[in-house]
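S.K.: I'm passing along protein-v8.cif; it holds mmCIF, C-alpha atoms and all ligand atoms.
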data_run
loop_
_atom_site.label_atom_id
_atom_site.label_comp_id
_atom_site.auth_asym_id
_atom_site.auth_seq_id
_atom_site.Cartn_x
_atom_site.Cartn_y
_atom_site.Cartn_z
CA MET A 1 34.64 69.37 -40.74
CA THR A 2 37.46 67.22 -39.37
CA LEU A 3 37.22 63.46 -39.51
CA ASN A 4 36.72 63.32 -35.75
CA GLU A 5 33.87 65.81 -35.90
CA LEU A 6 32.25 63.82 -38.69
CA LEU A 7 32.44 60.56 -36.74
CA LYS A 8 31.22 62.22 -33.55
CA PHE A 9 28.13 63.69 -35.24
CA ASP A 10 27.45 60.36 -36.94
CA ARG A 11 27.68 58.52 -33.61
CA GLU A 12 25.41 60.99 -31.83
CA HIS A 13 22.69 61.61 -34.41
CA ILE A 14 22.59 59.07 -37.22
CA TRP A 15 21.09 55.61 -37.15
CA HIS A 16 22.94 52.83 -38.98
CA PRO A 17 21.35 49.46 -39.90
CA TYR A 18 20.29 47.51 -36.81
CA THR A 19 22.20 49.62 -34.31
CA SER A 20 21.61 51.30 -30.99
CA ALA A 21 21.49 55.09 -30.73
CA LEU A 22 23.01 54.68 -27.29
CA HIS A 23 25.84 52.22 -28.02
CA PRO A 24 26.33 52.33 -31.79
CA LEU A 25 28.83 50.01 -33.45
CA GLU A 26 31.91 51.73 -34.77
CA ALA A 27 31.51 53.12 -38.30
CA CYS A 28 34.47 53.73 -40.61
CA ALA A 29 34.25 56.89 -42.74
CA VAL A 30 34.61 56.14 -46.46
CA ASP A 31 36.07 58.64 -48.88
CA SER A 32 35.78 56.75 -52.16
CA ALA A 33 35.70 53.29 -53.66
CA GLU A 34 37.02 51.79 -56.86
CA GLY A 35 36.86 48.25 -58.25
CA SER A 36 37.02 45.97 -55.22
CA VAL A 37 38.66 48.52 -52.92
CA ILE A 38 37.02 50.82 -50.36
CA ARG A 39 39.20 53.85 -49.49
CA LEU A 40 38.69 55.20 -45.97
CA ALA A 41 38.79 58.90 -45.10
CA ASP A 42 42.01 58.34 -43.12
CA GLY A 43 43.71 56.95 -46.24
CA ARG A 44 43.56 53.25 -45.44
CA GLU A 45 42.37 50.88 -48.17
CA LEU A 46 40.15 47.85 -47.62
CA VAL A 47 39.57 44.95 -50.02
CA ASP A 48 35.79 44.55 -50.15
CA GLY A 49 34.44 41.15 -49.13
CA MET A 50 30.78 42.21 -48.98
CA SER A 51 29.80 43.82 -52.33
CA SER A 52 27.87 46.25 -50.11
CA TRP A 53 25.37 43.49 -49.24
CA TRP A 54 25.26 41.47 -52.48
CA ALA A 55 24.82 44.53 -54.71
CA VAL A 56 28.10 45.81 -56.16
CA VAL A 57 28.79 42.96 -58.57
CA HIS A 58 30.79 44.97 -61.18
CA GLY A 59 32.91 46.80 -58.60
CA TYR A 60 32.72 50.40 -57.38
CA ASN A 61 33.05 53.40 -59.67
CA ASN A 62 32.51 51.27 -62.78
CA PRO A 63 33.21 53.44 -65.85
CA ARG A 64 30.38 51.95 -67.95
CA ILE A 65 27.70 52.44 -65.30
CA ASN A 66 29.08 55.91 -64.47
CA ALA A 67 28.81 56.91 -68.14
CA ALA A 68 25.26 55.56 -68.44
CA ILE A 69 24.09 57.55 -65.41
CA SER A 70 25.87 60.74 -66.59
CA ALA A 71 24.27 60.49 -70.03
CA GLN A 72 20.81 59.97 -68.51
CA LEU A 73 21.34 62.84 -66.03
CA LYS A 74 21.73 65.24 -68.97
CA LYS A 75 18.30 64.19 -70.30
CA MET A 76 16.25 63.88 -67.09
CA SER A 77 16.81 62.37 -63.68
CA HIS A 78 13.14 61.65 -63.07
CA VAL A 79 9.63 61.94 -64.42
CA MET A 80 6.48 60.41 -62.94
CA PHE A 81 5.53 57.02 -64.41
CA GLY A 82 1.78 57.61 -64.26
CA GLY A 83 0.78 58.34 -67.85
CA LEU A 84 4.41 58.73 -69.00
CA THR A 85 7.04 56.24 -70.10
CA HIS A 86 10.64 56.35 -71.34
CA GLU A 87 13.28 54.42 -73.21
CA PRO A 88 15.41 53.45 -70.16
CA ALA A 89 12.38 51.71 -68.56
CA VAL A 90 11.34 49.94 -71.76
CA SER A 91 14.88 48.74 -72.58
CA LEU A 92 15.29 47.49 -69.04
CA ALA A 93 11.99 45.60 -69.05
CA GLN A 94 12.96 43.99 -72.37
CA LYS A 95 16.31 42.86 -70.94
CA LEU A 96 14.75 41.50 -67.75
CA LEU A 97 12.11 39.49 -69.62
CA GLN A 98 14.74 38.12 -71.95
CA MET A 99 16.95 36.96 -69.05
CA ALA A 100 14.32 35.73 -66.58
CA PRO A 101 12.43 32.40 -66.69
CA GLN A 102 10.22 32.35 -69.80
CA ASN A 103 6.75 32.46 -68.23
CA LEU A 104 7.44 35.84 -66.58
CA ARG A 105 5.98 38.46 -68.97
CA HIS A 106 5.14 41.58 -66.91
CA VAL A 107 7.39 43.95 -64.97
CA PHE A 108 6.56 46.22 -62.02
CA PHE A 109 9.39 48.64 -61.12
CA CYS A 110 9.76 49.89 -57.56
CA ASP A 111 12.23 51.40 -55.12
CA SER A 112 13.79 48.69 -53.00
CA GLY A 113 13.87 44.97 -52.37
CA SER A 114 11.44 45.11 -49.45
CA VAL A 115 8.95 47.07 -51.53
CA SER A 116 9.22 44.53 -54.36
CA VAL A 117 8.31 41.84 -51.80
CA GLU A 118 5.30 43.90 -50.64
CA VAL A 119 4.30 44.26 -54.30
CA ALA A 120 4.67 40.50 -54.90
CA MET A 121 2.52 39.68 -51.86
CA LYS A 122 -0.13 42.19 -52.95
CA MET A 123 -0.15 40.66 -56.44
CA ALA A 124 -0.82 37.23 -54.95
CA LEU A 125 -3.69 38.56 -52.82
CA GLN A 126 -5.27 40.44 -55.73
CA TYR A 127 -4.90 37.33 -57.92
CA TRP A 128 -7.02 35.17 -55.61
CA ASN A 129 -9.40 38.02 -54.92
CA SER A 130 -10.03 38.28 -58.67
CA ARG A 131 -10.77 34.58 -58.81
CA GLY A 132 -13.29 34.86 -55.99
CA GLU A 133 -11.11 32.81 -53.62
CA HIS A 134 -11.52 35.16 -50.67
CA ALA A 135 -10.15 32.74 -48.07
CA LYS A 136 -6.68 32.66 -49.66
CA THR A 137 -5.10 35.51 -47.67
CA LYS A 138 -2.13 33.87 -45.93
CA PHE A 139 1.44 33.20 -47.01
CA ALA A 140 3.42 30.04 -46.47
CA THR A 141 7.19 30.19 -46.15
CA ILE A 142 10.16 28.18 -44.94
CA ARG A 143 11.93 28.99 -41.69
CA LEU A 144 15.29 30.85 -41.66
CA GLY A 145 14.17 33.08 -44.54
CA TYR A 146 14.73 36.79 -44.98
CA HIS A 147 12.53 38.97 -47.20
CA GLY A 148 13.12 42.54 -46.02
CA ASP A 149 12.21 44.90 -43.22
CA THR A 150 8.85 46.40 -44.25
CA TRP A 151 5.70 45.21 -42.53
CA ASN A 152 4.46 42.31 -44.66
CA ALA A 153 7.95 41.32 -45.79
CA MET A 154 8.85 41.07 -42.09
CA SER A 155 5.85 38.76 -41.45
CA VAL A 156 7.45 36.10 -43.69
CA CYS A 157 10.99 36.48 -42.27
CA ASP A 158 12.08 33.76 -39.85
CA PRO A 159 10.19 34.37 -36.58
CA ILE A 160 13.37 33.97 -34.49
CA THR A 161 16.14 35.60 -36.54
CA GLY A 162 13.53 38.14 -37.75
CA MET A 163 12.72 38.97 -34.12
CA HIS A 164 8.94 38.61 -34.42
CA LYS A 165 8.59 38.74 -30.67
CA ILE A 166 9.33 42.48 -30.64
CA PHE A 167 6.27 43.00 -32.85
CA ALA A 168 4.17 40.20 -31.38
CA GLY A 169 0.50 40.60 -32.16
CA ALA A 170 1.08 43.33 -34.74
CA LEU A 171 2.43 41.22 -37.62
CA ALA A 172 0.13 39.16 -39.83
CA PRO A 173 0.50 35.55 -38.67
CA GLN A 174 1.83 33.48 -41.56
CA ILE A 175 2.42 29.76 -42.05
CA PHE A 176 5.94 28.47 -41.45
CA THR A 177 7.38 25.08 -42.37
CA HIS A 178 10.88 23.81 -41.57
CA SER A 179 13.87 25.05 -43.52
CA PRO A 180 15.06 22.55 -46.18
CA ARG A 181 17.32 19.98 -44.47
CA VAL A 182 19.17 18.50 -47.45
CA PRO A 183 22.03 20.83 -48.41
CA PHE A 184 23.04 21.83 -51.92
CA GLY A 185 25.26 19.00 -53.18
CA GLY A 186 23.91 16.55 -50.57
CA ALA A 187 22.06 13.29 -51.28
CA TRP A 188 18.41 14.16 -51.97
CA ASP A 189 15.83 12.77 -49.58
CA ALA A 190 12.21 13.24 -50.71
CA SER A 191 10.96 13.36 -47.10
CA ASP A 192 12.36 16.92 -46.95
CA LEU A 193 9.11 17.98 -48.67
CA ASP A 194 6.75 16.11 -46.32
CA GLU A 195 5.94 19.00 -44.01
CA LEU A 196 5.29 21.37 -46.92
CA ARG A 197 2.93 18.83 -48.53
CA GLU A 198 1.08 18.22 -45.24
CA THR A 199 0.77 21.96 -44.67
CA PHE A 200 -0.64 22.52 -48.17
CA GLU A 201 -3.00 19.56 -47.69
CA ARG A 202 -4.35 20.95 -44.41
CA ARG A 203 -4.33 24.69 -45.10
CA GLY A 204 -4.05 25.12 -48.88
CA GLY A 205 -7.46 26.81 -48.95
CA GLU A 206 -6.07 29.74 -46.90
CA ILE A 207 -2.71 30.05 -48.67
CA ALA A 208 -2.31 32.65 -51.43
CA ALA A 209 1.36 31.95 -52.13
CA LEU A 210 4.49 30.20 -50.99
CA ILE A 211 7.31 32.75 -50.75
CA LEU A 212 10.92 31.65 -50.47
CA GLU A 213 14.49 32.50 -51.39
CA PRO A 214 15.51 30.00 -54.10
CA ILE A 215 18.54 27.78 -53.20
CA VAL A 216 20.31 30.32 -50.95
CA GLN A 217 18.73 31.45 -47.69
CA GLY A 218 20.72 34.65 -47.29
CA ALA A 219 20.50 37.17 -44.45
CA GLY A 220 18.54 34.73 -42.24
CA ALA A 221 21.00 31.85 -42.31
CA MET A 222 23.46 31.79 -45.26
CA ARG A 223 22.36 28.21 -46.03
CA PHE A 224 22.32 26.52 -49.43
CA TYR A 225 19.63 23.89 -50.03
CA HIS A 226 19.01 21.12 -52.57
CA PRO A 227 17.47 22.14 -55.93
CA GLU A 228 15.07 19.16 -55.65
CA PHE A 229 13.40 20.94 -52.74
CA LEU A 230 12.66 23.93 -54.97
CA ARG A 231 11.52 21.68 -57.84
CA GLY A 232 9.23 19.77 -55.45
CA ALA A 233 7.87 23.01 -53.97
CA ARG A 234 6.98 24.20 -57.50
CA LYS A 235 5.06 20.95 -58.15
CA LEU A 236 3.24 21.15 -54.81
CA CYS A 237 2.22 24.77 -55.51
CA ASP A 238 0.67 23.67 -58.83
CA GLU A 239 -1.05 20.71 -57.22
CA TYR A 240 -2.63 22.73 -54.40
CA LYS A 241 -3.36 25.93 -56.39
CA ILE A 242 -0.86 28.11 -54.56
CA LEU A 243 1.27 30.76 -56.28
CA LEU A 244 5.06 30.54 -56.00
CA ILE A 245 6.96 33.74 -55.25
CA CYS A 246 10.74 33.46 -55.63
CA ASP A 247 12.65 36.22 -53.83
CA GLU A 248 15.80 36.50 -55.99
CA ILE A 249 16.80 39.86 -54.50
CA ALA A 250 20.07 38.45 -53.13
CA THR A 251 20.61 35.58 -55.58
CA GLY A 252 19.63 37.27 -58.86
CA PHE A 253 22.23 38.29 -61.47
CA GLY A 254 24.77 35.56 -60.99
CA ARG A 255 25.72 35.35 -57.30
CA THR A 256 25.10 31.57 -57.13
CA GLY A 257 26.85 30.77 -60.41
CA LYS A 258 23.62 30.86 -62.49
CA MET A 259 22.01 34.11 -63.65
CA PHE A 260 19.04 33.31 -61.36
CA ALA A 261 19.05 30.70 -58.58
CA CYS A 262 15.77 29.24 -59.98
CA GLU A 263 17.87 27.89 -62.85
CA HIS A 264 19.56 25.39 -60.51
CA ALA A 265 16.14 23.68 -60.29
CA GLU A 266 14.99 24.60 -63.81
CA ILE A 267 11.75 26.08 -62.53
CA SER A 268 9.79 29.27 -63.13
CA PRO A 269 8.02 31.03 -60.30
CA ASP A 270 4.67 32.84 -60.84
CA ILE A 271 6.15 36.00 -59.34
CA MET A 272 9.83 36.93 -58.94
CA CYS A 273 11.43 39.71 -56.87
CA LEU A 274 14.66 41.32 -58.05
CA GLY A 275 16.77 44.04 -56.40
CA LYS A 276 20.26 44.57 -54.98
CA ALA A 277 22.58 43.81 -57.95
CA ILE A 278 20.03 44.98 -60.53
CA THR A 279 21.72 48.43 -60.72
CA GLY A 280 25.17 46.99 -59.99
CA GLY A 281 24.66 48.40 -56.50
CA TYR A 282 24.47 52.01 -57.70
CA LEU A 283 20.97 53.05 -56.69
CA SER A 284 18.09 51.70 -54.66
CA PHE A 285 15.86 50.00 -57.20
CA ALA A 286 13.91 46.78 -57.65
CA ALA A 287 11.46 44.96 -59.87
CA THR A 288 8.68 42.42 -59.41
CA LEU A 289 8.10 40.16 -62.41
CA ALA A 290 4.81 38.33 -62.94
CA SER A 291 3.47 35.64 -65.25
CA ARG A 292 0.84 36.49 -67.86
CA ASP A 293 -1.73 34.53 -65.85
CA VAL A 294 -1.03 36.59 -62.70
CA ALA A 295 -1.11 39.92 -64.56
CA MET A 296 -4.25 39.11 -66.57
CA THR A 297 -6.19 37.61 -63.67
CA ILE A 298 -5.50 40.67 -61.48
CA SER A 299 -6.63 42.95 -64.31
CA GLU A 300 -9.85 41.02 -64.90
CA GLY A 301 -10.75 41.29 -61.21
CA GLU A 302 -13.05 43.58 -59.30
CA ALA A 303 -10.50 46.41 -59.03
CA GLY A 304 -9.46 45.99 -62.68
CA VAL A 305 -6.04 47.43 -61.85
CA PHE A 306 -3.03 46.49 -59.79
CA MET A 307 -3.14 48.74 -56.72
CA HIS A 308 0.40 50.02 -56.32
CA GLY A 309 2.31 53.01 -57.75
CA PRO A 310 5.40 54.41 -56.03
CA THR A 311 6.36 58.06 -56.60
CA PHE A 312 9.78 57.08 -57.96
CA MET A 313 8.53 54.13 -60.03
CA ALA A 314 10.93 53.32 -62.92
CA ASN A 315 13.24 56.20 -62.01
CA PRO A 316 15.20 56.89 -65.23
CA LEU A 317 18.60 57.25 -63.52
CA ALA A 318 18.14 53.88 -61.81
CA CYS A 319 16.91 52.32 -65.08
CA ALA A 320 20.00 53.69 -66.87
CA ALA A 321 22.29 52.20 -64.22
CA ALA A 322 20.41 48.88 -64.44
CA ASN A 323 20.61 48.83 -68.25
CA ALA A 324 24.40 49.24 -68.09
CA SER A 325 24.68 46.71 -65.27
CA LEU A 326 22.67 44.08 -67.17
CA GLU A 327 24.66 44.69 -70.36
CA LEU A 328 27.81 43.93 -68.36
CA ALA A 329 26.11 40.88 -66.85
CA CYS A 330 25.34 39.48 -70.30
CA GLU A 331 28.93 39.83 -71.52
CA GLU A 332 31.29 36.91 -71.88
CA GLY A 333 33.13 36.05 -68.68
CA TYR A 334 30.61 37.47 -66.21
CA LEU A 335 29.38 34.13 -64.84
CA GLY A 336 32.86 32.69 -65.47
CA ASN A 337 34.14 35.17 -62.90
CA VAL A 338 31.67 33.80 -60.35
CA LEU A 339 32.87 30.25 -61.01
CA ARG A 340 36.50 31.44 -60.67
CA ILE A 341 35.66 32.85 -57.21
CA GLU A 342 33.79 29.65 -56.29
CA LYS A 343 36.84 27.58 -57.19
CA PHE A 344 39.13 29.88 -55.20
CA PHE A 345 36.89 29.69 -52.12
CA LYS A 346 36.64 25.90 -52.39
CA GLU A 347 40.43 25.66 -52.46
CA ASN A 348 41.17 28.33 -49.85
CA LEU A 349 38.31 28.46 -47.34
CA GLU A 350 37.91 24.74 -46.78
CA GLU A 351 40.94 24.60 -44.44
CA ALA A 352 39.12 26.96 -42.02
CA ARG A 353 37.14 23.85 -41.06
CA GLY A 354 40.19 22.75 -39.07
CA ILE A 355 40.02 25.83 -36.79
CA GLU A 356 38.46 24.89 -33.49
CA CYS A 357 35.81 27.63 -33.25
CA VAL A 358 34.49 26.76 -36.75
CA ALA A 359 31.35 24.62 -37.11
CA ASP A 360 30.98 24.54 -40.91
CA VAL A 361 32.37 25.94 -44.18
CA ARG A 362 30.10 26.31 -47.24
CA VAL A 363 30.75 27.66 -50.72
CA LEU A 364 28.33 28.30 -53.59
CA GLY A 365 29.10 30.64 -56.48
CA ALA A 366 30.67 33.85 -55.19
CA ILE A 367 29.52 33.16 -51.61
CA GLY A 368 31.89 31.72 -49.01
CA VAL A 369 30.47 31.09 -45.55
CA VAL A 370 32.22 30.13 -42.33
CA GLU A 371 29.73 29.21 -39.63
CA MET A 372 31.13 29.48 -36.11
CA LYS A 373 30.15 27.43 -33.06
CA GLU A 374 29.34 30.59 -31.07
CA PRO A 375 28.10 34.07 -32.04
CA VAL A 376 31.01 36.39 -32.86
CA ASP A 377 31.84 39.76 -31.28
CA VAL A 378 31.06 41.94 -34.31
CA ARG A 379 32.76 45.05 -32.89
CA GLN A 380 35.99 43.23 -32.14
CA MET A 381 36.02 41.24 -35.36
CA GLN A 382 35.30 44.28 -37.56
CA ARG A 383 38.34 45.97 -36.00
CA GLU A 384 40.51 42.92 -36.64
CA PHE A 385 39.46 42.80 -40.29
CA VAL A 386 39.98 46.54 -40.86
CA SER A 387 43.46 46.35 -39.32
CA ARG A 388 44.27 43.63 -41.89
CA GLY A 389 43.03 45.77 -44.79
CA VAL A 390 39.81 43.91 -45.60
CA TRP A 391 36.11 44.72 -45.25
CA VAL A 392 34.17 41.78 -43.82
CA ARG A 393 31.12 42.22 -41.62
CA PRO A 394 29.95 39.12 -39.77
CA PHE A 395 26.57 38.62 -38.09
CA GLY A 396 25.51 36.11 -35.46
CA ARG A 397 27.57 32.94 -35.95
CA LEU A 398 28.30 33.73 -39.60
CA VAL A 399 31.49 35.15 -41.09
CA TYR A 400 31.08 35.27 -44.85
CA LEU A 401 32.60 36.58 -48.04
CA MET A 402 30.68 37.70 -51.13
CA PRO A 403 33.04 39.95 -53.07
CA PRO A 404 32.43 41.90 -56.30
CA PHE A 405 32.76 39.50 -59.27
CA VAL A 406 35.62 41.61 -60.69
CA ILE A 407 37.84 40.94 -57.67
CA GLU A 408 41.41 40.00 -58.55
CA GLU A 409 43.23 36.84 -57.43
CA ALA A 410 45.61 38.71 -55.06
CA GLN A 411 42.66 40.49 -53.47
CA LEU A 412 40.84 37.18 -52.96
CA GLN A 413 44.00 35.86 -51.35
CA LYS A 414 44.08 38.82 -48.99
CA LEU A 415 40.44 38.27 -48.00
CA THR A 416 40.72 34.55 -47.28
CA CYS A 417 44.07 34.90 -45.47
CA ALA A 418 42.72 37.67 -43.23
CA LEU A 419 39.64 35.60 -42.50
CA LYS A 420 41.63 32.53 -41.47
CA GLU A 421 44.06 34.64 -39.39
CA VAL A 422 41.26 36.38 -37.51
CA LEU A 423 39.45 33.10 -36.80
CA LYS A 424 42.67 31.43 -35.60
CA LYS A 425 43.50 34.34 -33.35
CA LYS A 426 40.01 34.29 -31.92
CA ASN A 427 40.52 30.65 -31.15
CA VAL A 428 43.86 31.14 -29.39
CA ARG A 429 42.33 33.78 -27.14
CA GLY A 430 39.46 31.45 -26.42
CA ASN A 431 36.84 34.22 -26.83
C1 LIG V 1 18.11 42.38 -49.05
C2 LIG V 1 16.96 41.50 -49.26
C3 LIG V 1 15.64 42.00 -49.25
C4 LIG V 1 15.32 43.45 -48.93
O1 LIG V 1 15.84 44.35 -49.86
P1 LIG V 1 16.03 45.90 -49.47
O2 LIG V 1 16.49 46.53 -50.73
O3 LIG V 1 17.03 45.94 -48.35
O4 LIG V 1 14.68 46.39 -49.02
C5 LIG V 1 14.61 41.11 -49.49
N1 LIG V 1 14.85 39.81 -49.75
C6 LIG V 1 16.10 39.30 -49.79
C7 LIG V 1 16.30 37.86 -50.12
C8 LIG V 1 17.20 40.12 -49.53
O5 LIG V 1 18.43 39.60 -49.52
#
Written as structure tokens, how would this file's structure read?
M.R.:
Amino acid sequence: MTLNELLKFDREHIWHPYTSALHPLEACAVDSAEGSVIRLADGRELVDGMSSWWAVVHGYNNPRINAAISAQLKKMSHVMFGGLTHEPAVSLAQKLLQMAPQNLRHVFFCDSGSVSVEVAMKMALQYWNSRGEHAKTKFATIRLGYHGDTWNAMSVCDPITGMHKIFAGALAPQIFTHSPRVPFGGAWDASDLDELRETFERRGGEIAALILEPIVQGAGAMRFYHPEFLRGARKLCDEYKILLICDEIATGFGRTGKMFACEHAEISPDIMCLGKAITGGYLSFAATLASRDVAMTISEGEAGVFMHGPTFMANPLACAAANASLELACEEGYLGNVLRIEKFFKENLEEARGIECVADVRVLGAIGVVEMKEPVDVRQMQREFVSRGVWVRPFGRLVYLMPPFVIEEAQLQKLTCALKEVLKKKNVRGN
């Protein structure tokens, strides 16, 4: 198959994320990837600014993760988890419980981030069901959130950016409060929690859990909010008997400069969702962690069991990749690398604020965000970035960088220079 044939078939028959079958966005064919570089089928090389959507923290083709998967492949790639268990799953659960906030004691393995959110929501419902609180069936959340694309996960995504109107009437109606107003690093103002408190006061009896992304609202907004908001939300949940679900799928494993974003506020959720970087971006895999209280209460309930069990639960290959990834994450210098990237972005992205089409520049950990005044032309901008040898994929008004943590200084330079060039050029053209 020639490259042109490949691209033609792809365009005509294969769906990509959020694209039209009629007018698909251009896709670049990738041949291989190594470290922080994606090699295209036509030979061009792109410095990766996306970590394949938060996931590839140790870089592509990492020798340690490769070796772990190869070794596991020779033993078994999969066995069912009903009635069977294995060392890769047990080692991984031990590591996760050691790293995560202390009150989380039970692990449920599943296939993807969205599924781990479904699992978390189901846990919350079964928890209140077990306690005879049958009215607690709704979820509260903050606006501008993103929790995945499956049915119930979608119900707690921001109604506007999550496009609820397409599914109007079919999604479970949930309870939304405003997105935190005080930014990370801003001066805390306690009135930011007023609406949440009023909502809990009025409707606490119907609310099973508050679900939110801690500190960083990712795919919905790329906003960073004040840790006091999260700390206050934890207190309000305790006060009004509402479980707290922290969706750490994007933020978990170091992206914000702490191993988990909850640590910025020094809180523990009752249920935590993990995904994306858990396997270093090698395989689709996720975990939902629960407190002892949540696990025990569910088990003492009417059903006596937690009602979920995916076919590929605790897949050994994914567990092996995750074990290697977490070993790397616990080594000296891992979080230091994130702080190195944060420092670089603070020194090199800030000047983009002077470009006329730019509304705001924000940096936290290994995340650099440039918010534009108007939505960008993704097709055009993707081309501009590829022609400059970098992989950056904007959405809406957001052009952002979240590279693998192993990225080198010269590669960071290339990313930020390309970004500023493309934004300046856009400005000159006035489009
Ligand atoms: C990506 C993401 C999800 C969904 O994960 P998938 O693996 O794509 O299903 C859920 N929540 C957050 C915060 C995410 O960033």
S.K.: What's the 10 Å shell around Glu239 in chain A, counting only C-alpha atoms, without same-chain residues fewer than 2 positions away, as an mmCIF file with C-alpha atoms, in the coordinates of the input?
M.R.:
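What landed in part.cif:
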data_model
loop_
_atom_site.group_PDB
_atom_site.id
_atom_site.type_symbol
_atom_site.label_atom_id
_atom_site.label_comp_id
_atom_site.auth_asym_id
_atom_site.auth_seq_id
_atom_site.Cartn_x
_atom_site.Cartn_y
_atom_site.Cartn_z
ATOM 1 C CA ARG A 197 2.930 18.830 -48.530
ATOM 2 C CA PHE A 200 -0.640 22.520 -48.170
ATOM 3 C CA GLU A 201 -3.000 19.560 -47.690
ATOM 4 C CA GLY A 204 -4.050 25.120 -48.880
ATOM 5 C CA ALA A 233 7.870 23.010 -53.970
ATOM 6 C CA ARG A 234 6.980 24.200 -57.500
ATOM 7 C CA LYS A 235 5.060 20.950 -58.150
ATOM 8 C CA LEU A 236 3.240 21.150 -54.810
ATOM 9 C CA CYS A 237 2.220 24.770 -55.510
ATOM 10 C CA LYS A 241 -3.360 25.930 -56.390
ATOM 11 C CA ILE A 242 -0.860 28.110 -54.560
#
S.K.: Identify, on the basis of all atoms listed in the file, every residue whose closest approach to Ala140 in chain A does not exceed 9 Å; exclude the query and any residue fewer than 4 positions from it along the same chain; express the result as JSON, numbers by chain.
M.R.: {"A": [156, 174, 175, 176, 177, 196, 199, 200, 207, 208, 209, 210, 211, 212]}
S.K.: Which residues are near ligand LIG 1 (chain V) - at most 7 Å, using all atoms listed in the file? Format: as a list in words.
M.R.: Ser112, Gly113, Ser114, Val115, Val117, Tyr146, His147, Gly148, Asp149, Glu213, Gly218, Ala219, Asp247, Glu248, Ile249, Ala250, Gly275, Lys276 and Ser284 of chain A
S.K.: How would you write as a list in words the residues that get within 6 Å of (34.7, 29.3, -32.8) in the file's frame, counting all atoms listed in the file?
M.R.: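 Result, sorted by chain then residue number: Glu356, Cys357, Val358, Met372, Lys373 and Glu374 of chain A.
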S.K.: I need the residues from that last selection saved to file as a compact mmCIF listing (two decimals), in the coordinates of the input (with C-alpha atoms), if you can.
M.R.:
# COMPACT_ATOMS: atom_id res chain seq x y z
CA GLU A 356 38.46 24.89 -33.49
CA CYS A 357 35.81 27.63 -33.25
CA VAL A 358 34.49 26.76 -36.75
CA MET A 372 31.13 29.48 -36.11
CA LYS A 373 30.15 27.43 -33.06
CA GLU A 374 29.34 30.59 -31.07
S.K.: Leaving out Glu263 in chain A and any residue of its chain fewer than 6 positions from it, which residues lie within 12 Å of it when counting all atoms listed in the file, given as a list in words?
M.R.: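 Within the cut-off, the hits are Met99, Ala100, Pro101, Gln102, Pro214, Ile215, Pro227, Glu228, Leu230, Arg231, Cys246, Glu248, Thr251, Gly252, Phe253, Gly254, Thr256, Gly257 and Pro269 of chain A.
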S.K.: Which of these residues is nearest to Met307 in chain A, using all atoms listed in the file: A:Gln72, A:Ser116, A:Ser91, A:Gln126?
M.R.: A:Gln126
S.K.: Using only C-alpha atoms, collect all residues at a distance of at most 10 Å from (29.9, 45.2, -57.2) as written in the file, then present them as an MDAnalysis selection string.
M.R.: chainID A and resid 34:36 48 50:62 276:277 279:282 325 402:407
